[in-house]
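**Q** Contents of start-v6.cif (mmCIF, C-alpha atoms) are given next:
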data_run
loop_
_atom_site.label_atom_id
_atom_site.label_comp_id
_atom_site.auth_asym_id
_atom_site.auth_seq_id
_atom_site.Cartn_x
_atom_site.Cartn_y
_atom_site.Cartn_z
CA MET J 147 -21.23 2.76 10.17
CA PRO J 148 -19.30 2.63 13.49
CA THR J 149 -17.68 5.80 14.69
CA ARG J 150 -14.83 4.25 16.66
CA GLU J 151 -11.46 3.53 15.06
CA LEU J 152 -10.71 -0.12 14.35
CA THR J 153 -7.43 -1.08 15.99
CA PRO J 154 -5.11 -3.65 14.36
CA PRO J 155 -2.91 -5.90 16.50
CA ALA J 156 0.11 -3.65 15.83
CA ARG J 157 -0.31 0.01 16.72
CA ILE J 158 0.16 2.25 13.70
CA PRO J 159 1.87 5.57 14.44
CA ALA J 160 2.05 8.27 11.79
CA PRO J 161 5.55 8.13 10.30
CA TRP J 162 4.25 9.17 6.91
CA ARG J 163 3.09 12.51 8.28
CA SER J 164 6.59 13.73 9.09
CA ASP J 165 9.83 14.48 7.32
CA PRO J 166 11.65 13.12 5.39
CA TYR J 167 8.77 11.27 3.68
CA ALA J 168 6.63 14.39 3.40
CA ASP J 169 9.49 16.33 1.84
CA ALA J 170 10.21 13.59 -0.69
CA VAL J 171 6.57 13.32 -1.74
CA SER J 172 6.20 17.09 -1.96
CA THR J 173 9.27 17.48 -4.19
CA GLY J 174 8.83 14.20 -6.08
CA ARG J 175 12.46 13.27 -5.45
CA GLY J 176 14.45 10.88 -3.26
CA PRO J 177 16.58 9.36 -2.06
CA LEU J 178 14.36 7.67 0.51
CA PHE J 179 14.64 4.34 2.30
CA LEU J 180 12.99 2.10 4.86
CA ARG J 181 15.72 1.42 7.42
CA ARG J 182 15.58 -1.62 9.68
CA THR J 183 17.00 -1.57 13.20
CA ASP J 184 19.95 -3.68 12.00
CA GLY J 185 20.88 -1.00 9.45
CA TRP J 186 19.55 -2.78 6.34
CA MET J 187 17.89 -0.29 3.98
CA LEU J 188 15.18 -0.79 1.37
CA PRO J 189 15.14 1.89 -1.35
CA LEU J 190 11.77 3.58 -1.92
CA ASP J 191 11.07 4.55 -5.51
CA VAL J 192 9.74 8.07 -4.90
CA GLU J 193 10.35 9.26 -8.45
CA ARG J 194 8.27 6.38 -9.86
CA TRP J 195 5.52 6.96 -7.31
CA CYS J 196 5.32 10.62 -8.32
CA ALA J 197 5.34 9.95 -12.06
CA GLU J 198 2.52 8.73 -14.28
CA ALA J 199 1.48 5.09 -14.15
CA ASP J 200 4.10 2.95 -15.90
CA PRO J 201 3.62 -0.24 -17.97
CA SER J 202 3.76 -2.51 -14.90
CA ASP J 203 1.14 -0.34 -13.19
CA LEU J 204 -1.07 -0.69 -16.25
CA THR J 205 -1.21 -4.46 -15.72
CA VAL J 206 -2.90 -3.65 -12.40
CA LEU J 207 -5.22 -0.97 -13.76
CA ASP J 208 -6.39 -3.26 -16.57
CA ARG J 209 -7.63 -5.78 -13.97
CA CYS J 210 -9.59 -3.31 -11.81
CA ARG J 211 -13.36 -3.70 -11.80
CA GLY J 212 -16.03 -1.42 -10.38
CA PRO J 213 -15.28 1.30 -7.84
CA VAL J 214 -11.68 1.14 -6.62
CA ILE J 215 -10.10 2.00 -3.28
CA ASP J 216 -6.31 2.46 -3.34
CA ILE J 217 -5.00 1.77 0.18
CA GLY J 218 -1.76 3.62 0.80
CA CYS J 219 -2.23 5.61 -2.40
CA GLY J 220 0.88 7.75 -1.89
CA PRO J 221 1.15 10.62 -4.40
CA GLY J 222 -1.81 9.21 -6.31
CA ARG J 223 -0.57 8.05 -9.69
CA LEU J 224 -2.95 5.06 -9.73
CA VAL J 225 -5.88 7.10 -8.41
CA THR J 226 -5.54 9.69 -11.16
CA ALA J 227 -4.98 7.05 -13.86
CA LEU J 228 -8.08 5.12 -12.78
CA ALA J 229 -10.16 8.29 -12.65
CA ALA J 230 -9.07 9.07 -16.21
CA ARG J 231 -10.40 5.64 -17.20
CA GLY J 232 -13.79 6.47 -15.69
CA HIS J 233 -13.53 4.39 -12.51
CA PRO J 234 -15.02 5.79 -9.31
CA VAL J 235 -11.84 5.73 -7.20
CA LEU J 236 -10.69 6.88 -3.77
CA GLY J 237 -7.15 6.97 -2.42
CA VAL J 238 -6.50 6.49 1.28
CA ASP J 239 -3.20 7.46 2.89
CA LEU J 240 -1.83 8.53 6.27
CA SER J 241 0.37 11.22 4.73
CA PRO J 242 -1.16 14.69 4.33
CA ALA J 243 1.55 15.48 1.77
CA ALA J 244 0.63 12.42 -0.30
CA VAL J 245 -3.09 13.16 -0.08
CA ASP J 246 -2.47 16.77 -1.07
CA ARG J 247 -0.43 15.71 -4.09
CA THR J 248 -3.14 13.24 -5.13
CA ARG J 249 -5.80 15.92 -4.91
CA ARG J 250 -3.68 18.45 -6.80
CA GLY J 251 -3.36 15.84 -9.56
CA GLY J 252 -7.13 15.65 -9.82
CA GLY J 253 -7.70 12.51 -7.74
CA ALA J 254 -9.95 11.99 -4.73
CA ALA J 255 -8.10 11.04 -1.56
CA LEU J 256 -8.71 10.78 2.17
CA CYS J 257 -6.10 11.20 4.92
CA ARG J 258 -6.94 8.20 7.09
CA SER J 259 -5.74 4.80 8.26
CA VAL J 260 -7.23 1.76 6.55
CA PHE J 261 -8.11 0.55 10.05
CA ALA J 262 -10.35 3.58 10.63
CA PRO J 263 -13.93 3.68 9.28
CA LEU J 264 -13.90 4.30 5.52
CA PRO J 265 -16.51 5.52 3.05
CA GLY J 266 -18.39 2.79 1.20
CA GLU J 267 -17.25 -0.08 3.42
CA GLY J 268 -18.38 -3.38 1.94
CA ARG J 269 -19.11 -1.87 -1.47
CA TRP J 270 -15.71 -1.40 -3.17
CA GLY J 271 -15.34 -3.61 -6.25
CA THR J 272 -11.53 -3.57 -6.17
CA ALA J 273 -9.03 -2.77 -3.42
CA LEU J 274 -5.37 -2.09 -4.14
CA LEU J 275 -2.32 -2.73 -1.93
CA ILE J 276 0.48 -1.68 -4.29
CA ASP J 277 4.10 -0.55 -3.76
CA GLY J 278 4.64 -2.84 -0.78
CA ASN J 279 1.49 -1.78 1.07
CA ILE J 280 0.75 -5.35 2.13
CA GLY J 281 3.25 -4.35 4.83
CA ILE J 282 0.93 -1.75 6.41
CA GLY J 283 0.70 -2.30 10.15
CA GLY J 284 3.29 -5.08 10.20
CA ASP J 285 0.60 -7.77 10.21
CA PRO J 286 -0.51 -9.00 6.76
CA ALA J 287 -3.19 -11.29 8.23
CA ALA J 288 -4.86 -8.42 10.08
CA LEU J 289 -4.65 -6.21 6.99
CA LEU J 290 -6.13 -8.87 4.72
CA ASP J 291 -8.97 -9.38 7.18
CA ARG J 292 -9.64 -5.64 7.27
CA VAL J 293 -9.63 -5.31 3.47
CA ALA J 294 -12.14 -8.16 3.28
CA ARG J 295 -14.57 -5.96 5.22
CA VAL J 296 -13.92 -3.00 2.92
CA THR J 297 -14.53 -4.78 -0.39
CA ALA J 298 -17.87 -5.96 -1.74
CA PRO J 299 -18.84 -9.66 -1.63
CA GLY J 300 -16.91 -11.30 -4.45
CA GLY J 301 -14.72 -8.21 -4.74
CA LEU J 302 -11.13 -8.17 -5.91
CA LEU J 303 -7.94 -7.35 -4.02
CA ILE J 304 -4.78 -6.75 -6.02
CA ALA J 305 -1.66 -6.79 -3.85
CA GLU J 306 1.96 -6.29 -4.79
CA ALA J 307 4.34 -8.70 -3.10
CA ALA J 308 8.02 -8.19 -2.41
CA GLY J 309 9.92 -7.96 -5.70
CA THR J 310 11.03 -11.09 -7.48
CA ASP J 311 14.65 -10.42 -6.46
CA ALA J 312 13.62 -10.71 -2.76
CA GLY J 313 12.33 -14.27 -3.18
CA GLU J 314 8.78 -15.58 -3.14
CA CYS J 315 9.00 -16.92 0.40
CA VAL J 316 10.26 -13.81 2.19
CA ASP J 317 7.94 -13.22 5.17
CA GLU J 318 9.25 -10.84 7.80
CA ARG J 319 7.90 -8.50 10.47
CA VAL J 320 10.24 -5.62 11.20
CA GLU J 321 10.49 -2.24 12.84
CA VAL J 322 11.63 0.41 10.37
CA ARG J 323 12.11 4.15 9.99
CA VAL J 324 11.86 6.32 6.90
CA ASP J 325 15.41 7.49 6.20
CA ASP J 326 16.63 9.99 3.59
CA GLY J 327 20.14 8.51 3.53
CA ARG J 328 21.57 11.81 4.72
CA GLY J 329 20.98 11.46 8.46
CA ARG J 330 17.29 12.43 8.71
CA THR J 331 14.86 9.78 9.88
CA GLY J 332 11.23 9.52 10.90
CA PRO J 333 9.79 7.71 13.94
CA PRO J 334 9.87 3.88 14.14
CA PHE J 335 6.85 1.87 13.02
CA PRO J 336 5.96 -1.78 12.29
CA TRP J 337 6.18 -3.05 8.72
CA ALA J 338 6.11 -6.37 6.89
CA ARG J 339 7.76 -7.69 3.74
CA VAL J 340 5.92 -10.55 2.09
CA GLY J 341 6.81 -12.47 -1.07
CA ALA J 342 4.19 -13.88 -3.41
CA ALA J 343 4.22 -17.41 -1.97
CA ALA J 344 3.96 -16.11 1.59
CA LEU J 345 1.22 -13.70 0.56
CA THR J 346 -0.87 -16.52 -0.86
CA ARG J 347 -0.52 -18.45 2.42
CA HIS J 348 -1.66 -15.45 4.47
CA ALA J 349 -4.51 -14.83 2.03
CA SER J 350 -5.75 -18.41 2.22
CA ARG J 351 -5.86 -18.28 6.02
CA ALA J 352 -7.84 -15.03 5.83
CA GLY J 353 -10.42 -16.58 3.48
CA TRP J 354 -9.14 -15.16 0.21
CA ARG J 355 -8.50 -17.32 -2.85
CA VAL J 356 -5.89 -16.63 -5.48
CA ALA J 357 -7.46 -15.59 -8.77
CA GLU J 358 -4.24 -14.78 -10.62
CA ARG J 359 -0.52 -14.22 -10.17
CA TRP J 360 1.79 -12.35 -12.54
CA THR J 361 5.02 -10.40 -12.77
CA ALA J 362 5.84 -7.24 -14.70
CA SER J 363 9.17 -5.39 -14.81
CA GLY J 364 10.47 -7.37 -11.86
CA ARG J 365 7.38 -6.65 -9.76
CA ALA J 366 5.16 -9.44 -8.39
CA PHE J 367 1.37 -9.15 -8.14
CA VAL J 368 -1.36 -11.36 -6.73
CA ALA J 369 -5.09 -10.93 -7.41
CA LEU J 370 -7.34 -12.31 -4.67
CA ARG J 371 -11.08 -12.86 -4.22
CA ARG J 372 -13.20 -13.79 -1.23
#
Could you write out this structure as structure tokens?
**A**
Amino acid sequence: MPTRELTPPARIPAPWRSDPYADAVSTGRGPLFLRRTDGWMLPLDVERWCAEADPSDLTVLDRCRGPVIDIGCGPGRLVTALAARGHPVLGVDLSPAAVDRTRRGGGAALCRSVFAPLPGEGRWGTALLIDGNIGIGGDPAALLDRVARVTAPGGLLIAEAAGTDAGECVDERVEVRVDDGRGRTGPPFPWARVGAAALTRHASRAGWRVAERWTASGRAFVALRR
């Protein structure tokens, strides 16, 4: 396995390591937003992330096969739920607070970028990009290419697209900050928002094929295979 860090086209700083995200994850409470440079704000559902897996999450868990890597695992609700089902599972997240909460909940997690070397590269049966994590790095094509090298041949990627209210074709690259809505913000970083139709286009160009699409509780999911 190489020892050097793999670098995506967009540099990834560490906004998730600092307040206010760390505070929200530690307490399990918002409010928390992604704030664009034009002032538009996307609410982040911290309370849901810190709770147990909900019915829409279960539609994802039911489709997981083999060992699972949850990329951008956050506080670890999917990691702990999968472990309870008997799956070998690892969460990966840039936030020490999120990794700590995952571990305290009984899940295995690693504080690392997806673009850095990861355990078991090329052997994960299922990779997850849930809760908007297709936006990691601000370049969905680069992320999809990276995940292809992480998963096993014929492996599964389940990605959550922008919610159905955002529109299937939304496909934007933005600079955002984590904002608590009370005047505290983190450093700027690149992000992407991708609807289901746009996600399938990016996936096709990266060599993935769509295995299934579905919605649950207003959330949109796409299952992909190489």
**Q** Could you tell me which residues the PyMOL selection byres ((chain J and resi 306) around 12) grabs in this file, written as a PyMOL selection string?
**A** chain J and resi 202-203+205-206+217-218+273-281+303-305+307-310+314+339-346+359-362+364-370
**Q** Please check which residues have atoms at most 7 Å from (-9.2, -10.9, 3.3) in the file's coordinates, counting all atoms listed in the file, and write them as a count of residues only.
**A** 10
**Q** Which residues are near Pro242 of chain J? Cut-off 9 Å, only C-alpha atoms, ignore same chain within fewer than 2 positions. Put them as a list in words.
**A**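 Skipping anything fewer than 2 positions along the chain leaves Trp162, Arg163, Ala168, Asp239, Leu240, Ala244, Val245, Asp246, Arg247, Leu256 and Cys257 of chain J.
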**Q** Rank nothing, just name the residue among J:Glu267, J:Asp311, J:Pro213, J:Trp337 nearest to Arg323 of chain J, using all atoms listed in the file.
**A**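 That would be J:Trp337, the residue with the smallest distance to Arg323 of chain J.
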**Q** Tell me, in Å to one decimal, how far atom CA of Ala243 of chain J is from atom CA of Ala255 of chain J.
**A**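 Taking atom CA of Ala243 of chain J and atom CA of Ala255 of chain J, their separation equals 11.1 Å.
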**Q** Step by step, gather every atom of segment 211-221 of chain J that the file lists, find the box along x, y and z that holds them, add 3 Å on each side, and finally give centre and edge lengths in Å to one decimal, as JSON.
**A**
{"center_x": -7.4, "center_y": 3.5, "center_z": -5.5, "size_x": 23.2, "size_y": 20.3, "size_z": 18.6}
**Q** How many Å lie between atom CA of Val192 of chain J and atom CA of Asp325 of chain J, rounded to one decimal?
**A**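 These two atoms are separated by 12.5 Å.
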**Q** Just the number, please: distance in Å from atom CA of Pro334 of chain J to atom CA of Glu193 of chain J, one decimal.
**A** 23.2 Å
**Q** Determine, counting only C-alpha atoms, which protein, DNA and RNA residues have an atom within 10 Å of an atom of segment 228-237 of chain J; residues of the same chain fewer than 6 positions away are not included. Present the result as an MDAnalysis selection string.
**A** chainID J and resid 199 204 207:208 210:222 244:245 248:249 252:258 265 270:274
**Q** Within 8 Å of Gly284 of chain J, counting all atoms listed in the file, which residues qualify if same-chain residues fewer than 2 places away don't, as a list in words?
**A**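 Result of the neighbour search: Ala156, Gly281, Ile282, Pro286, Arg319, Val320, Pro336, Trp337 and Ala338 of chain J.
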**Q** Tell me, as a ChimeraX atom specification, which residues lie within 12 Å of Asp191 of chain J, counting all atoms listed in the file; anything in the same chain fewer than 5 positions away does not count.
**A** /J:167,170-171,174-180,196-197,220-221,277-278,326
**Q** Using the incomplete input, complete segment 324-344 of chain J to the level of N, CA and C atoms; output as a PDB file, keeping the file's coordinate frame.
**A**
ATOM      1  N   VAL J 324      11.586   5.681   8.182  1.00  0.00           N
ATOM      2  CA  VAL J 324      11.860   6.320   6.900  1.00  0.00           C
ATOM      3  C   VAL J 324      13.148   7.116   7.055  1.00  0.00           C
ATOM      4  N   ASP J 325      14.063   6.938   6.106  1.00  0.00           N
ATOM      5  CA  ASP J 325      15.410   7.490   6.200  1.00  0.00           C
ATOM      6  C   ASP J 325      15.744   8.115   4.842  1.00  0.00           C
ATOM      7  N   ASP J 326      16.287   9.347   4.866  1.00  0.00           N
ATOM      8  CA  ASP J 326      16.630   9.990   3.590  1.00  0.00           C
ATOM      9  C   ASP J 326      18.051   9.706   3.141  1.00  0.00           C
ATOM     10  N   GLY J 327      18.778   8.848   3.899  1.00  0.00           N
ATOM     11  CA  GLY J 327      20.140   8.510   3.530  1.00  0.00           C
ATOM     12  C   GLY J 327      21.148   9.601   3.827  1.00  0.00           C
ATOM     13  N   ARG J 328      20.676  10.689   4.419  1.00  0.00           N
ATOM     14  CA  ARG J 328      21.570  11.810   4.720  1.00  0.00           C
ATOM     15  C   ARG J 328      21.495  12.177   6.217  1.00  0.00           C
ATOM     16  N   GLY J 329      21.000  11.239   7.029  1.00  0.00           N
ATOM     17  CA  GLY J 329      20.980  11.460   8.460  1.00  0.00           C
ATOM     18  C   GLY J 329      19.643  11.868   9.042  1.00  0.00           C
ATOM     19  N   ARG J 330      18.623  12.071   8.214  1.00  0.00           N
ATOM     20  CA  ARG J 330      17.290  12.430   8.710  1.00  0.00           C
ATOM     21  C   ARG J 330      16.402  11.213   8.682  1.00  0.00           C
ATOM     22  N   THR J 331      15.728  10.940   9.788  1.00  0.00           N
ATOM     23  CA  THR J 331      14.860   9.780   9.880  1.00  0.00           C
ATOM     24  C   THR J 331      13.528  10.179  10.521  1.00  0.00           C
ATOM     25  N   GLY J 332      12.512   9.361  10.250  1.00  0.00           N
ATOM     26  CA  GLY J 332      11.230   9.520  10.900  1.00  0.00           C
ATOM     27  C   GLY J 332      11.126   8.594  12.105  1.00  0.00           C
ATOM     28  N   PRO J 333       9.975   8.566  12.775  1.00  0.00           N
ATOM     29  CA  PRO J 333       9.790   7.710  13.940  1.00  0.00           C
ATOM     30  C   PRO J 333       9.692   6.238  13.538  1.00  0.00           C
ATOM     31  N   PRO J 334       9.973   5.305  14.455  1.00  0.00           N
ATOM     32  CA  PRO J 334       9.870   3.880  14.140  1.00  0.00           C
ATOM     33  C   PRO J 334       8.416   3.439  14.009  1.00  0.00           C
ATOM     34  N   PHE J 335       8.199   2.431  13.178  1.00  0.00           N
ATOM     35  CA  PHE J 335       6.850   1.870  13.020  1.00  0.00           C
ATOM     36  C   PHE J 335       6.970   0.434  12.518  1.00  0.00           C
ATOM     37  N   PRO J 336       5.930  -0.390  12.736  1.00  0.00           N
ATOM     38  CA  PRO J 336       5.960  -1.780  12.290  1.00  0.00           C
ATOM     39  C   PRO J 336       5.670  -1.895  10.801  1.00  0.00           C
ATOM     40  N   TRP J 337       6.351  -2.826  10.158  1.00  0.00           N
ATOM     41  CA  TRP J 337       6.180  -3.050   8.720  1.00  0.00           C
ATOM     42  C   TRP J 337       6.357  -4.542   8.454  1.00  0.00           C
ATOM     43  N   ALA J 338       5.927  -4.977   7.295  1.00  0.00           N
ATOM     44  CA  ALA J 338       6.110  -6.370   6.890  1.00  0.00           C
ATOM     45  C   ALA J 338       6.570  -6.410   5.443  1.00  0.00           C
ATOM     46  N   ARG J 339       7.387  -7.401   5.126  1.00  0.00           N
ATOM     47  CA  ARG J 339       7.760  -7.690   3.740  1.00  0.00           C
ATOM     48  C   ARG J 339       7.321  -9.110   3.448  1.00  0.00           C
ATOM     49  N   VAL J 340       6.553  -9.276   2.369  1.00  0.00           N
ATOM     50  CA  VAL J 340       5.920 -10.550   2.090  1.00  0.00           C
ATOM     51  C   VAL J 340       6.083 -10.871   0.603  1.00  0.00           C
ATOM     52  N   GLY J 341       6.711 -12.008   0.309  1.00  0.00           N
ATOM     53  CA  GLY J 341       6.810 -12.470  -1.070  1.00  0.00           C
ATOM     54  C   GLY J 341       5.505 -13.084  -1.534  1.00  0.00           C
ATOM     55  N   ALA J 342       5.450 -13.401  -2.829  1.00  0.00           N
ATOM     56  CA  ALA J 342       4.190 -13.880  -3.410  1.00  0.00           C
ATOM     57  C   ALA J 342       3.716 -15.183  -2.790  1.00  0.00           C
ATOM     58  N   ALA J 343       4.629 -16.131  -2.551  1.00  0.00           N
ATOM     59  CA  ALA J 343       4.220 -17.410  -1.970  1.00  0.00           C
ATOM     60  C   ALA J 343       3.708 -17.211  -0.541  1.00  0.00           C
ATOM     61  N   ALA J 344       4.405 -16.385   0.228  1.00  0.00           N
ATOM     62  CA  ALA J 344       3.960 -16.110   1.590  1.00  0.00           C
ATOM     63  C   ALA J 344       2.630 -15.365   1.587  1.00  0.00           C
TER      64      ALA J 344
END
